Structure formats: C-alpha cells, structure tokens
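**Q** Here you go, this is final.cif (mmCIF, C-alpha atoms and all ligand atoms).
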```cif
data_start
loop_
_atom_site.label_atom_id
_atom_site.label_comp_id
_atom_site.auth_asym_id
_atom_site.auth_seq_id
_atom_site.Cartn_x
_atom_site.Cartn_y
_atom_site.Cartn_z
CA MET C 30 11.85 79.22 172.83
CA ASN C 31 15.08 78.43 174.70
CA ARG C 32 18.22 80.56 174.81
CA ARG C 33 19.87 78.64 171.99
CA GLU C 34 16.88 79.07 169.70
CA LEU C 35 16.77 82.74 170.61
CA LEU C 36 20.42 83.17 169.73
CA GLN C 37 19.92 81.34 166.48
CA LEU C 38 16.97 83.50 165.64
CA GLY C 39 19.07 86.56 166.38
CA ALA C 40 21.78 85.26 164.12
CA LEU C 41 19.35 84.66 161.31
CA GLY C 42 18.01 88.12 161.66
CA THR C 43 21.34 89.89 161.58
CA VAL C 44 23.38 87.90 159.15
CA GLY C 45 22.60 88.60 155.55
CA ALA C 46 25.51 86.74 154.02
CA SER C 47 24.13 83.22 154.34
CA LEU C 48 24.30 80.67 151.61
CA GLY C 49 20.56 80.79 151.31
CA ALA C 50 20.77 84.50 150.60
CA ARG C 51 23.72 84.19 148.24
CA ARG C 52 23.14 84.12 144.55
CA ALA C 53 23.40 80.74 142.82
CA SER C 54 24.26 80.47 139.14
CA ALA C 55 23.18 77.51 137.04
CA GLN C 56 26.38 75.81 136.00
CA PRO C 57 29.45 74.68 137.90
CA PRO C 58 32.72 75.87 136.37
CA GLN C 59 34.82 73.38 134.46
CA ARG C 60 37.96 72.01 136.07
CA ALA C 61 40.08 71.77 132.92
CA GLY C 62 42.63 74.52 132.39
CA ALA C 63 42.61 75.59 136.01
CA HIS C 64 44.28 78.88 136.80
CA VAL C 65 43.73 81.94 138.94
CA ARG C 66 40.81 83.90 137.55
CA ARG C 67 40.65 86.78 139.98
CA TYR C 68 43.15 88.94 141.84
CA THR C 69 41.68 90.87 144.69
CA PRO C 70 42.83 93.92 146.66
CA LEU C 71 43.91 92.88 150.14
CA GLY C 72 42.34 95.61 152.20
CA ARG C 73 44.28 98.86 152.08
CA THR C 74 47.66 97.20 151.60
CA GLY C 75 47.84 97.86 147.89
CA MET C 76 48.52 94.18 147.29
CA LYS C 77 46.38 92.31 144.75
CA ILE C 78 46.41 88.65 145.60
CA SER C 79 45.02 85.48 144.04
CA ASP C 80 41.54 84.80 145.43
CA VAL C 81 42.49 81.14 146.00
CA SER C 82 45.95 81.21 147.49
CA PHE C 83 48.59 78.82 148.73
CA GLY C 84 48.51 77.64 152.32
CA ALA C 85 51.78 75.94 153.19
CA SER C 86 50.97 74.44 156.57
CA MET C 87 51.68 70.92 155.28
CA LEU C 88 54.41 71.68 152.79
CA GLY C 89 57.44 69.45 153.18
CA ALA C 90 61.02 70.37 152.31
CA ASN C 91 60.91 68.36 149.08
CA GLN C 92 57.62 69.72 147.78
CA GLY C 93 58.85 72.79 145.99
CA ASP C 94 57.27 71.44 142.79
CA LEU C 95 53.85 72.20 144.26
CA VAL C 96 54.88 75.78 144.92
CA ARG C 97 56.16 76.14 141.36
CA GLN C 98 52.98 74.63 139.93
CA ALA C 99 50.88 77.04 141.97
CA PHE C 100 53.01 79.95 140.78
CA ASP C 101 52.74 78.82 137.16
CA LEU C 102 48.94 78.70 137.50
CA GLY C 103 48.86 82.27 138.74
CA ILE C 104 48.92 81.99 142.52
CA ASN C 105 50.90 84.90 143.90
CA TYR C 106 50.27 84.72 147.69
CA PHE C 107 52.07 82.07 149.72
CA ASP C 108 51.25 81.74 153.40
CA SER C 109 53.62 80.02 155.78
CA ALA C 110 54.80 80.11 159.39
CA GLU C 111 57.92 79.32 161.35
CA SER C 112 56.14 76.35 162.96
CA TYR C 113 54.90 74.70 159.76
CA VAL C 114 56.63 71.36 159.36
CA GLY C 115 59.38 72.60 161.65
CA GLY C 116 60.40 75.38 159.23
CA ALA C 117 60.59 73.07 156.20
CA SER C 118 57.58 74.78 154.68
CA GLU C 119 59.40 78.12 154.56
CA THR C 120 62.52 76.44 153.24
CA ALA C 121 60.59 74.86 150.37
CA ILE C 122 58.92 78.13 149.44
CA GLY C 123 62.20 80.01 149.58
CA ALA C 124 63.90 77.55 147.26
CA ALA C 125 60.99 77.22 144.83
CA LEU C 126 60.41 80.93 144.44
CA SER C 127 64.03 81.99 144.32
CA GLY C 128 64.36 84.62 141.59
CA LYS C 129 60.62 85.33 141.62
CA ARG C 130 60.41 87.48 144.72
CA ASP C 131 59.19 90.55 142.84
CA ARG C 132 56.19 88.58 141.51
CA VAL C 133 54.93 87.01 144.73
CA TYR C 134 53.70 87.96 148.18
CA LEU C 135 55.12 85.98 151.09
CA THR C 136 53.79 85.80 154.61
CA SER C 137 54.96 84.17 157.79
CA LYS C 138 53.89 83.92 161.42
CA THR C 139 55.24 83.58 164.88
CA TRP C 140 53.48 82.62 168.08
CA ALA C 141 54.24 85.74 170.14
CA ARG C 142 53.26 85.28 173.78
CA PRO C 143 52.21 88.02 176.20
CA THR C 144 55.65 88.05 177.80
CA ASP C 145 57.83 87.65 174.71
CA ARG C 146 60.44 90.36 174.15
CA ARG C 147 60.89 92.22 170.89
CA ASP C 148 64.41 90.88 170.39
CA SER C 149 63.28 87.26 170.51
CA ILE C 150 60.39 88.01 168.13
CA MET C 151 62.85 89.74 165.79
CA ALA C 152 65.10 86.68 165.93
CA ALA C 153 62.14 84.51 164.93
CA LEU C 154 61.39 86.79 161.98
CA GLU C 155 64.99 86.82 160.82
CA ALA C 156 65.12 83.02 160.92
CA SER C 157 62.00 82.92 158.73
CA LEU C 158 63.56 85.40 156.29
CA ARG C 159 66.62 83.19 155.96
CA ARG C 160 64.51 80.12 155.26
CA LEU C 161 62.38 82.06 152.78
CA ARG C 162 65.51 83.50 151.10
CA THR C 163 64.18 87.01 151.22
CA ASP C 164 64.84 90.36 152.91
CA TYR C 165 61.22 90.92 153.86
CA VAL C 166 57.81 89.33 154.21
CA ASP C 167 54.72 91.12 153.00
CA VAL C 168 52.62 90.22 156.03
CA TYR C 169 53.87 88.97 159.39
CA PHE C 170 51.21 87.50 161.65
CA ASN C 171 50.96 86.94 165.33
CA HIS C 172 50.01 83.28 164.98
CA ALA C 173 46.84 81.58 166.25
CA VAL C 174 45.96 84.34 168.68
CA ASN C 175 43.64 83.07 171.38
CA ASP C 176 44.26 85.61 174.12
CA VAL C 177 43.94 89.38 173.98
CA ALA C 178 47.02 89.63 176.20
CA ARG C 179 49.08 88.49 173.22
CA LEU C 180 47.85 91.53 171.31
CA GLN C 181 48.43 93.85 174.25
CA ASN C 182 52.10 92.97 174.58
CA GLN C 183 53.84 96.28 174.00
CA GLU C 184 56.96 94.41 172.95
CA TRP C 185 55.04 92.97 169.98
CA HIS C 186 54.07 96.47 168.85
CA GLU C 187 57.59 97.78 169.27
CA PHE C 188 58.83 94.80 167.28
CA VAL C 189 56.32 95.55 164.49
CA ALA C 190 57.32 99.23 164.35
CA ARG C 191 61.01 98.39 164.24
CA ALA C 192 60.62 95.60 161.67
CA LYS C 193 58.56 97.86 159.42
CA GLN C 194 61.08 100.64 159.77
CA GLN C 195 63.90 98.23 158.87
CA GLY C 196 61.95 97.00 155.86
CA LYS C 197 61.69 93.44 157.13
CA ILE C 198 57.90 93.37 157.16
CA ARG C 199 55.50 95.45 155.13
CA PHE C 200 52.30 94.73 157.05
CA ALA C 201 51.31 93.19 160.39
CA GLY C 202 48.43 90.86 161.08
CA MET C 203 46.84 88.39 163.44
CA SER C 204 45.64 84.92 162.65
CA GLY C 205 43.00 83.18 164.73
CA HIS C 206 40.81 80.14 164.70
CA ALA C 207 39.93 79.02 168.18
CA GLY C 208 38.59 80.26 171.51
CA ARG C 209 37.99 83.95 172.12
CA LEU C 210 38.33 84.54 168.39
CA ILE C 211 35.76 87.33 168.25
CA GLU C 212 37.18 89.07 171.31
CA CYS C 213 40.68 88.95 169.82
CA LEU C 214 39.55 90.12 166.38
CA ASP C 215 37.56 92.99 167.87
CA HIS C 216 40.56 94.06 169.91
CA ALA C 217 42.92 93.86 166.96
CA LEU C 218 40.61 95.84 164.70
CA ASP C 219 39.71 98.46 167.32
CA SER C 220 43.37 99.02 168.14
CA GLY C 221 44.07 99.94 164.52
CA ARG C 222 47.27 97.92 164.70
CA VAL C 223 46.57 95.20 162.17
CA ASP C 224 46.64 95.49 158.40
CA VAL C 225 45.44 91.96 157.65
CA ILE C 226 43.51 89.29 159.52
CA LEU C 227 43.67 85.60 158.73
CA VAL C 228 40.60 83.96 160.16
CA ALA C 229 38.92 80.54 160.22
CA TYR C 230 35.69 80.86 158.28
CA ASN C 231 33.59 78.17 156.60
CA PHE C 232 30.08 77.18 155.60
CA GLY C 233 29.64 75.43 158.94
CA GLN C 234 29.23 78.89 160.42
CA ASP C 235 26.35 79.79 158.11
CA PRO C 236 23.04 80.36 159.86
CA GLY C 237 21.25 80.13 156.51
CA LEU C 238 22.55 76.63 155.96
CA TYR C 239 21.48 75.71 159.46
CA GLN C 240 18.01 77.06 158.81
CA ARG C 241 17.66 74.88 155.75
CA PHE C 242 18.47 71.82 157.82
CA LYS C 243 15.75 72.76 160.25
CA ASP C 244 13.27 73.40 157.47
CA GLN C 245 14.04 70.15 155.73
CA PHE C 246 13.90 67.88 158.72
CA SER C 247 11.40 69.82 160.80
CA ARG C 248 13.46 69.36 163.94
CA ASN C 249 16.30 71.04 165.67
CA LEU C 250 19.31 69.52 163.95
CA ASP C 251 22.10 71.32 165.71
CA LEU C 252 24.84 70.68 163.20
CA ILE C 253 26.09 74.14 162.60
CA ALA C 254 27.93 76.48 164.93
CA GLN C 255 26.17 79.76 165.30
CA GLN C 256 28.63 82.56 165.33
CA PRO C 257 26.62 85.67 164.67
CA ASP C 258 29.48 87.99 165.55
CA LEU C 259 31.90 86.73 162.95
CA PRO C 260 30.17 88.37 159.96
CA ARG C 261 29.98 91.56 162.02
CA VAL C 262 33.72 91.45 162.65
CA LEU C 263 34.49 90.75 159.00
CA ALA C 264 32.32 93.71 157.99
CA LYS C 265 34.20 95.86 160.48
CA ALA C 266 37.51 94.78 158.98
CA LYS C 267 36.25 95.63 155.52
CA ALA C 268 35.07 99.05 156.65
CA LYS C 269 38.46 99.77 158.20
CA GLY C 270 40.36 98.67 155.12
CA VAL C 271 41.89 95.69 156.88
CA GLY C 272 42.56 92.77 154.56
CA VAL C 273 40.56 89.61 155.25
CA VAL C 274 41.91 86.18 154.31
CA ALA C 275 39.86 83.10 155.18
CA MET C 276 41.31 79.74 156.21
CA LYS C 277 39.91 76.43 157.50
CA THR C 278 37.34 76.83 154.75
CA LEU C 279 36.75 73.09 154.32
CA MET C 280 35.37 72.36 157.80
CA GLY C 281 37.90 69.61 158.45
CA ALA C 282 38.77 68.78 154.84
CA ARG C 283 37.52 65.19 154.74
CA LEU C 284 37.45 65.43 150.96
CA ASN C 285 37.37 61.73 150.17
CA ASP C 286 34.11 61.33 152.10
CA MET C 287 32.44 63.45 149.47
CA ARG C 288 33.70 62.00 146.19
CA PRO C 289 30.72 59.63 145.72
CA PHE C 290 28.32 62.56 145.93
CA GLU C 291 29.99 65.06 143.63
CA ARG C 292 28.01 65.74 140.47
CA GLY C 293 28.20 67.92 137.40
CA GLY C 294 31.85 68.89 137.77
CA ALA C 295 31.33 70.61 141.11
CA THR C 296 33.42 69.26 143.96
CA PHE C 297 32.82 69.69 147.64
CA ALA C 298 35.98 71.76 148.03
CA GLN C 299 34.93 74.12 145.26
CA ALA C 300 31.49 74.45 146.82
CA ALA C 301 33.04 75.32 150.17
CA PHE C 302 35.33 77.89 148.55
CA ARG C 303 32.48 79.46 146.62
CA TRP C 304 30.57 79.86 149.86
CA VAL C 305 33.49 81.76 151.40
CA LEU C 306 34.27 83.84 148.32
CA SER C 307 30.65 84.87 147.93
CA ASP C 308 31.04 86.89 151.12
CA LYS C 309 31.99 90.37 149.95
CA ASN C 310 33.82 91.01 153.20
CA VAL C 311 36.33 88.26 152.43
CA ASP C 312 39.16 89.22 150.11
CA ALA C 313 40.67 85.80 149.49
CA LEU C 314 41.21 82.38 151.00
CA ILE C 315 44.18 80.18 151.61
CA VAL C 316 44.06 76.41 151.60
CA SER C 317 46.73 73.82 152.24
CA MET C 318 47.81 72.47 148.88
CA THR C 319 49.31 69.00 149.06
CA GLY C 320 49.04 67.57 145.54
CA ARG C 321 49.12 68.64 141.90
CA GLU C 322 45.58 67.52 141.03
CA GLN C 323 44.36 69.14 144.20
CA ILE C 324 45.72 72.51 143.09
CA ASP C 325 43.84 72.15 139.80
CA GLU C 326 40.68 71.25 141.67
CA TYR C 327 40.97 74.12 144.11
CA LEU C 328 41.59 76.66 141.38
CA GLY C 329 38.32 75.55 139.78
CA ALA C 330 36.66 77.85 142.29
CA SER C 331 38.83 80.87 141.49
CA GLY C 332 36.90 83.79 140.10
CA SER C 333 33.69 82.74 141.84
CA ARG C 334 31.66 85.30 143.73
CA ALA C 335 28.54 83.13 143.96
CA ALA C 336 27.53 79.57 144.76
CA VAL C 337 26.25 77.27 142.03
CA SER C 338 23.13 75.16 142.33
CA GLU C 339 25.10 71.94 143.01
CA ASP C 340 26.85 73.44 146.02
CA LEU C 341 24.18 73.43 148.67
CA PRO C 342 23.45 69.66 148.65
CA LEU C 343 27.16 68.95 148.95
CA LEU C 344 27.64 71.32 151.85
CA ARG C 345 24.57 70.01 153.63
CA ARG C 346 25.64 66.43 153.20
CA TYR C 347 29.13 67.16 154.47
CA ALA C 348 27.78 68.93 157.53
CA ALA C 349 25.44 66.04 158.24
CA MET C 350 28.26 63.49 157.94
CA ASN C 351 30.86 65.36 159.95
CA GLY C 352 29.01 67.82 162.15
CA ALA C 353 29.08 65.74 165.32
CA ALA C 354 32.84 65.25 165.23
CA TYR C 355 33.84 68.75 164.17
CA CYS C 356 34.94 71.33 166.70
CA ARG C 357 33.84 74.67 165.32
CA PRO C 358 36.46 77.42 165.00
CA GLY C 359 35.94 80.23 167.42
CA CYS C 360 33.14 78.46 169.29
CA GLY C 361 34.48 77.88 172.80
CA GLU C 362 31.04 77.26 174.30
CA CYS C 363 32.31 74.31 176.31
CA LEU C 364 35.37 75.95 177.85
CA ALA C 365 33.69 76.90 181.11
CA ALA C 366 32.74 73.28 181.72
CA CYS C 367 36.32 72.25 182.42
CA PRO C 368 37.39 73.10 185.97
CA LEU C 369 41.01 72.42 185.05
CA GLY C 370 41.13 74.97 182.27
CA VAL C 371 41.88 72.62 179.40
CA PRO C 372 41.70 74.63 176.14
CA ILE C 373 39.34 72.08 174.62
CA ASP C 374 38.95 73.83 171.28
CA GLU C 375 42.70 74.20 170.81
CA VAL C 376 43.29 70.56 171.71
CA LEU C 377 40.65 69.42 169.23
CA ARG C 378 42.14 71.66 166.56
CA ALA C 379 45.47 69.90 167.01
CA ARG C 380 43.62 66.57 166.74
CA MET C 381 42.08 67.70 163.46
CA TYR C 382 45.51 67.95 161.82
CA ALA C 383 46.21 64.33 162.71
CA VAL C 384 42.81 62.75 162.13
CA ASP C 385 41.24 64.84 159.35
CA TYR C 386 44.31 66.11 157.50
CA GLY C 387 46.40 62.99 158.04
CA ARG C 388 49.35 65.03 159.34
CA PRO C 389 50.37 63.79 162.80
CA ASP C 390 53.64 65.73 162.55
CA ILE C 391 51.81 69.05 162.34
CA ALA C 392 49.37 67.92 165.00
CA ARG C 393 52.23 67.12 167.37
CA SER C 394 53.95 70.47 166.90
CA GLU C 395 50.67 72.36 167.32
CA TYR C 396 49.88 70.34 170.43
CA ALA C 397 53.34 70.94 171.84
CA LEU C 398 52.71 74.69 171.53
CA LEU C 399 49.78 74.18 173.89
CA GLY C 400 52.06 72.67 176.51
CA ASP C 401 50.48 69.22 176.39
CA ALA C 402 47.35 70.91 177.63
CA ALA C 403 45.06 67.87 177.76
CA SER C 404 47.18 65.86 180.17
CA PRO C 405 44.69 66.59 183.03
CA CYS C 406 42.08 64.63 181.08
CA LEU C 407 43.97 61.40 181.81
CA ARG C 408 43.21 61.75 185.52
CA CYS C 409 39.81 63.42 185.31
CA ALA C 410 37.21 61.04 186.73
CA ALA C 411 34.13 63.27 186.89
CA ARG C 412 34.48 64.58 183.33
CA PRO C 413 32.03 67.46 183.60
CA CYS C 414 32.73 68.34 179.97
CA GLN C 415 30.99 65.15 178.90
CA ALA C 416 27.83 66.77 177.56
CA ALA C 417 29.12 70.32 177.32
CA CYS C 418 29.25 70.53 173.54
CA PRO C 419 25.87 71.61 172.15
CA HIS C 420 26.96 70.25 168.78
CA GLY C 421 27.48 66.73 170.08
CA VAL C 422 31.28 66.58 170.05
CA PRO C 423 32.22 63.87 172.61
CA ILE C 424 34.80 66.06 174.32
CA ASP C 425 35.89 63.85 177.19
CA ARG C 426 36.64 60.93 174.89
CA LEU C 427 38.52 63.01 172.37
CA THR C 428 40.71 65.17 174.60
CA ALA C 429 42.29 62.31 176.54
CA ALA C 430 42.74 60.32 173.34
CA THR C 431 44.32 63.34 171.66
CA HIS C 432 46.85 63.69 174.43
CA ARG C 433 47.82 60.03 174.13
CA LEU C 434 47.95 60.21 170.34
CA LEU C 435 50.09 63.32 170.13
CA THR C 436 52.51 62.60 172.96
CA ARG C 437 53.16 58.95 172.12
CA VAL C 438 56.86 58.42 171.46
S1 LIG C 501 33.79 71.01 171.46
FE1 LIG C 501 31.82 71.82 170.86
S2 LIG C 501 31.33 73.45 172.34
FE2 LIG C 501 33.52 72.99 172.51
S3 LIG C 501 34.51 74.50 171.16
FE3 LIG C 501 34.20 72.63 169.96
S4 LIG C 501 32.24 72.90 168.92
FE4 LIG C 501 32.33 74.41 170.59
S1 LIG C 502 38.02 65.38 180.72
FE1 LIG C 502 38.12 66.65 182.59
S2 LIG C 502 40.06 67.76 182.41
FE2 LIG C 502 39.55 66.99 180.36
S3 LIG C 502 38.43 68.66 179.36
FE3 LIG C 502 36.91 67.29 180.32
S4 LIG C 502 36.54 68.23 182.32
FE4 LIG C 502 38.46 69.10 181.58
#
```
How does this structure look as structure tokens?
Ligand code: SF4
Ligand code: SF4
**A**
Amino acid sequence: MNRRELLQLGALGTVGASLGARRASAQPPQRAGAHVRRYTPLGRTGMKISDVSFGASMLGANQGDLVRQAFDLGINYFDSAESYVGGASETAIGAALSGKRDRVYLTSKTWARPTDRRDSIMAALEASLRRLRTDYVDVYFNHAVNDVARLQNQEWHEFVARAKQQGKIRFAGMSGHAGRLIECLDHALDSGRVDVILVAYNFGQDPGLYQRFKDQFSRNLDLIAQQPDLPRVLAKAKAKGVGVVAMKTLMGARLNDMRPFERGGATFAQAAFRWVLSDKNVDALIVSMTGREQIDEYLGASGSRAAVSEDLPLLRRYAAMNGAAYCRPGCGECLAACPLGVPIDEVLRARMYAVDYGRPDIARSEYALLGDAASPCLRCAARPCQAACPHGVPIDRLTAATHRLLTRV
C-alpha cells in the first residue's frame, strides 16, 4: 500500500459524511413551483438564511431582474464582493433590493492583504455599501484567503472591531477555496475571530464517492481529491457556532455536459446541491445564478437534507467526465513542484471562470489579483510540474495557456 492509498484509507475511516453513507430517498423532487423550502440558522449569528442562496459573482449591472426573481422565490441571502464584475454585481443588488433591506441579508468581501491598513479596508467597505445602497452588510469577508498572514494582519482585526462598532458590518468572515485552505480555516476558527466561513466544498471531495469508483472499476481511478481534513474543519466550525456556507458546489459547473444523462426530474446541479446540503455541518450554499430557469432549477434542491437515488450516477458520471481537467479546491499537492512559486491552484481557479463558467471578464479580474502569477510558465523549459498533479491535471500546459488567455489585450 503506497502513501496515497494509505491517506485515502485514512480518509475513508475518519469521514462519515460521504455520499455512500448519506441517506437516499426514492423520488427526486419536482421542479415546478420552485421556491425556498428551508431557512437555516447561520451558526450563532441569529440569521436564518435560505438553504440555496444567491451567489452574485457573475451578476452584471443590468441583471437586477434575476435578483428580484430570487427574492420573490424566497431567497433572502445575497453574496457579493467588491471585485465581482468590477463592482457591477453590488450595484445590481443594491438597485434590485432597494426598499427591501429589512427582509434580506447582504454580504460583501474585500481582498485584504497582510500589509493592508485599516483605513484602506474601511474605504473598500464604504464603497461596497454605496454600491449596495445600504448602511451595513450582514457579513463582511476577507476574500479568497490563501495565506494565514492575511488573517494575522492586526489592521484587519482593528478594522473589523471598528466597523462593527460603527454598525457597518454585523459579522466578519473568511472565504477560501484554494491552497492552504485547511491551514487558513483552522487558524480562523482557532482564533475565534470569524463568525462565518464561506468555503469551497463539493462532491468531488467525497471519499465515499471515490470508493465507489474503485469498487466499480476494480482499479485505482484517482478522480476525486482526498481532503480528509475538510470535514473535520467543518465539524469544528459547527461546534464553535461559526456559520458554514458552501460554494463551488458544482465542481466546475459544466452543466450542459450532463443534460443528456439527467433522468426522472433530477438534474446534476440538484444532485450536487443535495450532496452538500446532506452534510449537517453545512448551513447553506451559494451558487452563481445567471438565468431565470436556472434559479428555478437550483431551488428544486431547496429543503433537501438527503440525496435521492438518481443522484449518485449523475455525480459519478460528471466526475468521470471532468475529473482530469478539474483542479480541486484546497488541494495544493502540486505547489512544491514549481521552483518559481507559481500558485498553480489559484491560476487554474481563474482559468475555471473563463473556460467552465464562460466568464472571461471575471477570470481576468481574478487573475489580475494574482499579479499575473503564471508569467514564469512562458519561459519555463524544464517544467517540473508536468506530472505533479496526482489527479492528472496537465498543469504545465494549462498554466502558460491561462496566462496568455487572461492577459491577451
Ligand atoms: S493541479 Fe492537481 S495537484 Fe495541483 S492543486 Fe490542482 S488538483 Fe491539486
Ligand atoms: S511551467 Fe514551470 S513555472 Fe509554470 S508552474 Fe510549471 S514548473 Fe512552475
């Protein structure tokens, strides 16, 4: 048994929340008449939020109708960030929900660096409040945290204390989905300084699903990232009363790939959501909502606390089709292979917005935040990262191509 198999075995032994272990009911829910069917306490915050909530990472300035539709169907938690669509996302939410502030929860985020000062962070918050047309946000996140130093910045904590005292934010959080995710989450939770975490979490991180692949094909199909510490961290958050919101729940969201295989009213997206919501340590999920029918489809999973029998084949098929091109959130196993320190997982996350989500604008802004980090790949002849991904992601081909794609003028 090699180290990988040993780790996988350890994961299977310690993680009880796998799909295989989750209860499956017989019938998929119907899609007609979609609306929010469950409101869930968000940790100790006192907020009760829609279990399937609105992610606004792709929301354009003229898409307020989507926000209003979501509100009309019962969604009460709207997640945005200063960087989403260059601030247009916040602007759209602010306009669409004007006059409804007392019935919704609004969040925003800023990318606070280790050296940022509290005054500049406060200026970022105040700009978000203006765009959102509100005096306060319910949760303000340090965005896409990938370095503990960003959580150790005393200026961030002084900003949080002051903003809370001034009534501009009610709760503070961290969001994370790439390298050093577990380390950052552990630090945030142990420090007692976060009220909510927003974390990438999907069925591709399920050891139980992985095991079923192995059983079915009798060989080591390494399609699924093993992340045995993530369930531990989510359980810790639950025990501490920290709210847990899941994102990136669709493992790349290549929804059209799956349409030919959807049966019995269950869609791939609903199956993926049911997997996440069946974890009792997850309070709710957010998902980018980009169309009216899509909102109806997504809300078909609201109220679920268990998978249905149609879900597993869909999730397995999706993993088989996309596993070799998907960079797993929070993995980071390849990072040491790059002598030039390219944040491979962050670069591939930016690529995902362009290639999987069809949003090159978002991909470009996310990549710009990384400081064009994959530019060394253009001159890297040896390419030691070539076989560094145990999941088969062709890193060296993708990083250089991503840099060209997202910096092309
Ligand atoms: S490329 Fe592979 S090894 Fe590297 S972070 Fe992504 S999934 Fe992990
Ligand atoms: S191609 Fe070279 S510089 Fe780029 S990630 Fe791989 S090893 Fe690092």
**Q** Looking at C:Leu126, C:Ala300, C:Ile424, C:Val262, which one is nearest to Leu344 in chain C, with distances taken over all atoms listed in the file?
**A**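 Residue with the minimum atom-to-atom distance to Leu344 in chain C: C:Ala300.
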**Q** Sort by chain and increasing residue number a table of all residues of chain C within 8 Å of ligand LIG 501 (chain C), each with its closest pair of atoms and their distance in Å to one decimal, counting only C-alpha atoms and all ligand atoms, and write it as a tab-separated table.
**A**
```
residue	atom	partner	partner_atom	distance
C:Ala207	CA	C:LIG501	S3	7.7
C:Gly208	CA	C:LIG501	S3	7.1
C:Ala254	CA	C:LIG501	S4	6.9
C:Tyr355	CA	C:LIG501	S4	6.5
C:Cys356	CA	C:LIG501	FE3	3.6
C:Arg357	CA	C:LIG501	S4	4.3
C:Pro358	CA	C:LIG501	S3	7.1
C:Gly359	CA	C:LIG501	S3	7.0
C:Cys360	CA	C:LIG501	FE4	4.3
C:Gly361	CA	C:LIG501	S3	3.8
C:Glu362	CA	C:LIG501	S2	4.3
C:Cys363	CA	C:LIG501	S2	4.2
C:Leu364	CA	C:LIG501	FE2	6.4
C:Ile373	CA	C:LIG501	FE2	6.3
C:Asp374	CA	C:LIG501	S3	4.5
C:Leu377	CA	C:LIG501	FE3	7.2
C:Ala417	CA	C:LIG501	S2	6.3
C:Cys418	CA	C:LIG501	S2	3.8
C:Pro419	CA	C:LIG501	S2	5.8
C:His420	CA	C:LIG501	FE1	5.5
C:Gly421	CA	C:LIG501	FE1	6.7
C:Val422	CA	C:LIG501	S1	5.3
C:Pro423	CA	C:LIG501	S1	7.4
C:Ile424	CA	C:LIG501	S1	5.8
```
**Q** Looking at all atoms listed in the file, which of C:Arg130, C:Lys277, C:Arg160, C:Arg142 is the one that sits closest to Ala117 in chain C?
**A**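 Checking each candidate against Ala117 in chain C, we get C:Arg160 as the closest.
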**Q** Taking every listed atom of ligand LIG 502 (chain C) and adding 6 Å to each side, what centre and edge lengths in Å (one decimal) does the axis-aligned box have, as lines of an AutoDock Vina configuration file?
**A**
```
center_x = 38.3
center_y = 67.2
center_z = 181.0
size_x = 15.5
size_y = 15.7
size_z = 15.2
```
**Q** What do you get as a list of chain:residue names if you pick all residues at most 6 Å from ligand LIG 502 (chain C), counting all atoms listed in the file?
**A** C:Cys367, C:Leu369, C:Val371, C:Ile373, C:Pro405, C:Cys406, C:Cys409, C:Arg412, C:Pro413, C:Cys414, C:Asp425
**Q** Kindly give the distance, in Å, that separates CA of Ala366 in chain C and CA of Ser404 in chain C, rounded to a single decimal.
**A**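 About the pair CA of Ala366 in chain C and CA of Ser404 in chain C: they are 16.3 Å apart.
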**Q** Just the number, please: distance in Å from CA of Met151 in chain C to CA of Ala379 in chain C, one decimal.
**A** 26.4 Å
**Q** Which is closer to Glu119 in chain C than all the others in C:Arg426, C:Ile150, C:Leu158, C:Asn105, using all atoms listed in the file?
**A**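 Closest to Glu119 in chain C of all the choices is C:Leu158.
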**Q** In file coordinates, which residues lie within 12 Å of (35.7, 86.3, 134.8) using all atoms listed in the file, given as a CSV table (one decimal) with C-alpha atoms, in the frame of the given file?
**A**
```csv
chain,number,residue,atom,x,y,z
C,58,PRO,CA,32.7,75.9,136.4
C,64,HIS,CA,44.3,78.9,136.8
C,65,VAL,CA,43.7,81.9,138.9
C,66,ARG,CA,40.8,83.9,137.6
C,67,ARG,CA,40.6,86.8,140.0
C,68,TYR,CA,43.2,88.9,141.8
C,330,ALA,CA,36.7,77.8,142.3
C,331,SER,CA,38.8,80.9,141.5
C,332,GLY,CA,36.9,83.8,140.1
C,333,SER,CA,33.7,82.7,141.8
C,334,ARG,CA,31.7,85.3,143.7
```
**Q** Kindly indicate which residue among C:Trp140, C:His216, C:Asp312, C:Glu184 lies nearest to Ala264 in chain C, using all atoms listed in the file for the distances.
**A** C:Asp312
**Q** Work out how far apart CA of Asp80 in chain C and CA of Leu314 in chain C are and give it in Å to one decimal.
**A** 6.1 Å
**Q** For each of C:Val114, C:Val376, C:Met76, C:Leu95, take the minimum atom-to-atom distance to Arg132 in chain C, counting all atoms listed in the file, then give the residue where this is smallest.
**A** C:Met76
**Q** Would you mind telling me which residue in C:Ser86, C:Ser220, C:Asn310, C:Ser137 lies nearest to Pro70 in chain C when using all atoms listed in the file?
**A** C:Asn310
**Q** Which residues, written as a list of chain:residue names, have at least one atom at most 10 Å from Leu210 in chain C, with all atoms listed in the file counted and residues fewer than 3 positions away on the same chain left out?
**A**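 Using all atoms listed in the file, the neighbours found are C:Ala173, C:Val174, C:Asn175, C:Asp176, C:Val177, C:Ser204, C:Gly205, C:His206, C:Ala207, C:Cys213, C:Leu214, C:Asp215, C:His216, C:Val228, C:Ala229, C:Asp258, C:Leu259, C:Pro358, C:Gly359, C:Cys360, C:Gly361.
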**Q** Excluding Arg222 in chain C and any residue of its chain fewer than 5 positions from it, enumerate the residues within 9 Å of it, using all atoms listed in the file, and give them as a CSV table (one decimal) with C-alpha atoms, in the coordinates of the input.
**A**
```csv
chain,number,residue,atom,x,y,z
C,186,HIS,CA,54.1,96.5,168.8
C,201,ALA,CA,51.3,93.2,160.4
C,202,GLY,CA,48.4,90.9,161.1
C,217,ALA,CA,42.9,93.9,167.0
```
**Q** Compile the contact shell of Gly93 in chain C as a list in words: residues with an atom at most 10 Å away, counting all atoms listed in the file, same-chain residues fewer than 4 positions apart removed.
**A**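 So, after excluding close chain neighbours, the residues are Leu88, Gly89, Arg97, Gln98, Ala99, Ser118, Thr120, Ala121, Ile122, Gly123, Ala124, Ala125 and Leu126 of chain C.
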**Q** Extract, using only C-alpha atoms, all DNA, RNA and protein residues at most 10 Å from Thr144 in chain C, discarding same-chain residues fewer than 2 positions from it, and format them as a list in words.
**A** Ala141, Arg142, Arg146, Arg147, Ala178, Arg179, Gln181, Asn182, Gln183, Glu184 and Trp185 of chain C
